[in-house]
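Engineer: This is the structure I have questions about; it appears just below.
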Amino acid sequence: MTERRSILSGSTFEEQIGYARAVIDGDWVHVSGTTGFDYTTMTIAEDVVEQAEQCLRNIEAALSEARCTFADVVRVRYLLPDRADFEPCWPTLRRAFGEVRPAATMLMCGLADSRMKIEIEVYARRITA
């Protein structure tokens with residue numbers, strides 16, 4: 001039987017909306033769109049680069065709980081309300097994904113909270129021995 005397990009981060013949004021930070025489904029790990037909120041304090045920085053760094057910390061925590069790392073990421077999707085905010089994030093994103101080179105897409109769209117400047121979702125494949 002294929003393992004299916006939810007990973008929760010403690011974000012109040014997970015309870016309010018009804019989703020999990022990530023779902024493990026067999027070898028696949030689906031990480032929900034993740035914003036720059038620090039889930040321990042439920043605060044968010046104003047700067048988009050700081051938000052991107054926090055997004056990656058949040059994603060890294062979910063991947064770690066799923067026994068994965070950024071090296072296992074095969075797909076990443078970036079969601080931003082303002083395209084001008086994307087390029088300042090590139091060095092931060094390159095540190096996480098530059099060696100991995102996952103398939104990637106950037107979309108411009110509104111996010112759930114006007115303080116959110118970037119949201120990142122990833123798909124990873126766990127290598128099981």
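Chain labels A, B, ... are given in the sequence in which chains occur in the structure tokens; within each chain residues are numbered consecutively from 1, and ligands are likewise numbered from 1 in the order shown.
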List the neighbours of Glu119 (chain A) out to 8 Å using only C-alpha atoms; skip same-chain residues closer than 6 positions along the sequence, and give me the result as a list of chain:residue names.
Structural biologist: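 Contacts, in chain order: A:Gly33, A:Thr34, A:Thr35, A:Gly36, A:Ala52, A:Cys55, A:Tyr78, A:Leu79, A:Leu80, A:Leu111.
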Engineer: Taking only chain A into account, list the residues labelled alpha helix (DSSP H) by DSSP (computed from the backbone), as number ranges by chain.
Structural biologist: A: 12-13, 48-65, 86-97
Engineer: Using C-alpha atoms, can you export the residues from the last selection as an mmCIF file, in the first residue's frame?
Structural biologist:
```cif
data_model
loop_
_atom_site.group_PDB
_atom_site.id
_atom_site.type_symbol
_atom_site.label_atom_id
_atom_site.label_comp_id
_atom_site.auth_asym_id
_atom_site.auth_seq_id
_atom_site.Cartn_x
_atom_site.Cartn_y
_atom_site.Cartn_z
ATOM 1 C CA THR A 12 -3.105 28.918 11.405
ATOM 2 C CA PHE A 13 -3.993 29.019 7.695
ATOM 3 C CA VAL A 48 10.235 40.327 -0.861
ATOM 4 C CA VAL A 49 13.731 38.808 -0.552
ATOM 5 C CA GLU A 50 13.233 38.225 3.177
ATOM 6 C CA GLN A 51 9.875 36.651 2.355
ATOM 7 C CA ALA A 52 11.517 34.374 -0.231
ATOM 8 C CA GLU A 53 14.130 33.311 2.328
ATOM 9 C CA GLN A 54 11.375 32.480 4.844
ATOM 10 C CA CYS A 55 9.394 30.613 2.151
ATOM 11 C CA LEU A 56 12.436 28.430 1.570
ATOM 12 C CA ARG A 57 12.952 27.829 5.304
ATOM 13 C CA ASN A 58 9.301 26.762 5.568
ATOM 14 C CA ILE A 59 9.618 24.502 2.522
ATOM 15 C CA GLU A 60 12.895 23.045 3.769
ATOM 16 C CA ALA A 61 11.234 22.124 7.080
ATOM 17 C CA ALA A 62 8.417 20.299 5.263
ATOM 18 C CA LEU A 63 10.862 18.517 2.950
ATOM 19 C CA SER A 64 12.995 17.492 5.904
ATOM 20 C CA GLU A 65 9.995 15.993 7.690
ATOM 21 C CA PHE A 86 10.940 38.298 -8.979
ATOM 22 C CA GLU A 87 14.444 39.255 -10.112
ATOM 23 C CA PRO A 88 15.591 40.513 -6.669
ATOM 24 C CA CYS A 89 14.789 36.991 -5.376
ATOM 25 C CA TRP A 90 16.933 35.177 -7.959
ATOM 26 C CA PRO A 91 20.114 34.926 -5.831
ATOM 27 C CA THR A 92 18.093 33.456 -2.939
ATOM 28 C CA LEU A 93 16.316 31.006 -5.234
ATOM 29 C CA ARG A 94 19.558 30.046 -6.965
ATOM 30 C CA ARG A 95 21.104 29.107 -3.594
ATOM 31 C CA ALA A 96 18.300 26.576 -3.069
ATOM 32 C CA PHE A 97 17.838 25.302 -6.620
#
```
Engineer: Select from chain A everything DSSP, run on the backbone, classes as strand (DSSP E), then give the selection as a PyMOL selection string.
Structural biologist: chain A and resi 4-7+22-25+28-35+37-38+43-44+73-80+103-108+119-125
Engineer: Could you state the separation of CA of Ile7 (chain A) and CA of Asp72 (chain A) in Å, given to one decimal place?
Structural biologist: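 Here the two named atoms are 16.9 Å from each other.
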Engineer: Using only C-alpha atoms, which of the listed residues (A:Val23, A:Leu8, A:Val73, A:Arg83) sits closest to Ile127 (chain A)?
Structural biologist: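 Using only C-alpha atoms, the shortest distance to Ile127 (chain A) belongs to A:Val73.
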Engineer: Which residues are close to Ser11 (chain A), i.e. within 8 Å by only C-alpha atoms, leaving aside same-chain residues fewer than 5 positions away? Reply as a PDB file with C-alpha atoms, in the first residue's frame.
Structural biologist:
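Output file out_2.pdb is given in full below:
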```
ATOM      1  CA  TYR A  39       4.663  30.235  11.363  1.00  0.00           C
ATOM      2  CA  THR A  40       5.936  30.396  14.935  1.00  0.00           C
ATOM      3  CA  MET A  42       2.603  34.388  12.279  1.00  0.00           C
TER       4      MET A  42
END
```
Engineer: Quote the spacing between CA of Thr43 (chain A) and CA of Arg115 (chain A) in Å to one decimal place.
Structural biologist: 9.9 Å
Engineer: Which polymer residues have any atom within 10 Å of an atom of Ala20 (chain A), counting only C-alpha atoms, with same-chain residues fewer than 2 positions away left out, as a short mmCIF file (atom, residue, chain, number, x, y, z; two decimals) with N, CA and C atoms, in the first residue's frame?
Structural biologist:
```
data_model
loop_
_atom_site.label_atom_id
_atom_site.label_comp_id
_atom_site.auth_asym_id
_atom_site.auth_seq_id
_atom_site.Cartn_x
_atom_site.Cartn_y
_atom_site.Cartn_z
N ARG A 5 0.62 10.62 3.72
CA ARG A 5 0.68 11.26 5.02
C ARG A 5 0.75 12.76 4.84
N SER A 6 0.05 13.48 5.69
CA SER A 6 0.07 14.93 5.67
C SER A 6 1.12 15.46 6.64
N ILE A 7 1.75 16.55 6.25
CA ILE A 7 2.71 17.26 7.10
C ILE A 7 2.14 18.62 7.41
N LEU A 8 2.01 18.94 8.68
CA LEU A 8 1.48 20.24 9.10
C LEU A 8 2.61 21.10 9.64
N SER A 9 2.54 22.40 9.37
CA SER A 9 3.60 23.31 9.81
C SER A 9 3.23 24.06 11.08
N GLY A 10 1.96 24.05 11.43
CA GLY A 10 1.51 24.84 12.57
C GLY A 10 0.93 26.18 12.15
N SER A 11 0.92 26.46 10.85
CA SER A 11 0.31 27.70 10.36
C SER A 11 -1.17 27.70 10.67
N PHE A 13 -3.29 29.12 8.97
CA PHE A 13 -3.99 29.02 7.70
C PHE A 13 -4.39 27.58 7.39
N GLU A 14 -3.54 26.61 7.78
CA GLU A 14 -3.85 25.21 7.50
C GLU A 14 -5.17 24.80 8.15
N GLU A 15 -5.36 25.22 9.38
CA GLU A 15 -6.60 24.89 10.09
C GLU A 15 -7.77 25.69 9.53
N ILE A 17 -8.24 27.08 6.56
CA ILE A 17 -8.60 26.81 5.18
C ILE A 17 -8.84 25.31 4.96
N GLY A 18 -8.09 24.46 5.67
CA GLY A 18 -8.28 23.02 5.56
C GLY A 18 -7.32 22.37 4.57
N ALA A 22 2.31 19.97 3.39
CA ALA A 22 2.79 19.04 2.37
C ALA A 22 2.04 17.72 2.52
N VAL A 23 2.02 16.98 1.43
CA VAL A 23 1.44 15.64 1.44
C VAL A 23 2.45 14.70 0.81
N HIS A 30 4.38 16.62 -2.21
CA HIS A 30 3.73 17.80 -2.78
C HIS A 30 3.69 18.86 -1.68
N VAL A 31 4.46 19.94 -1.86
CA VAL A 31 4.48 21.01 -0.87
C VAL A 31 3.57 22.12 -1.35
N SER A 32 2.60 22.46 -0.53
CA SER A 32 1.63 23.51 -0.85
C SER A 32 2.33 24.83 -1.12
#
```
Engineer: Which residue is closest to Tyr123 (chain A)? Choose from A:Leu107, A:Ile24, A:Val76, A:Ala45 and count only C-alpha atoms.
Structural biologist: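 Residue with the minimum atom-to-atom distance to Tyr123 (chain A): A:Val76.
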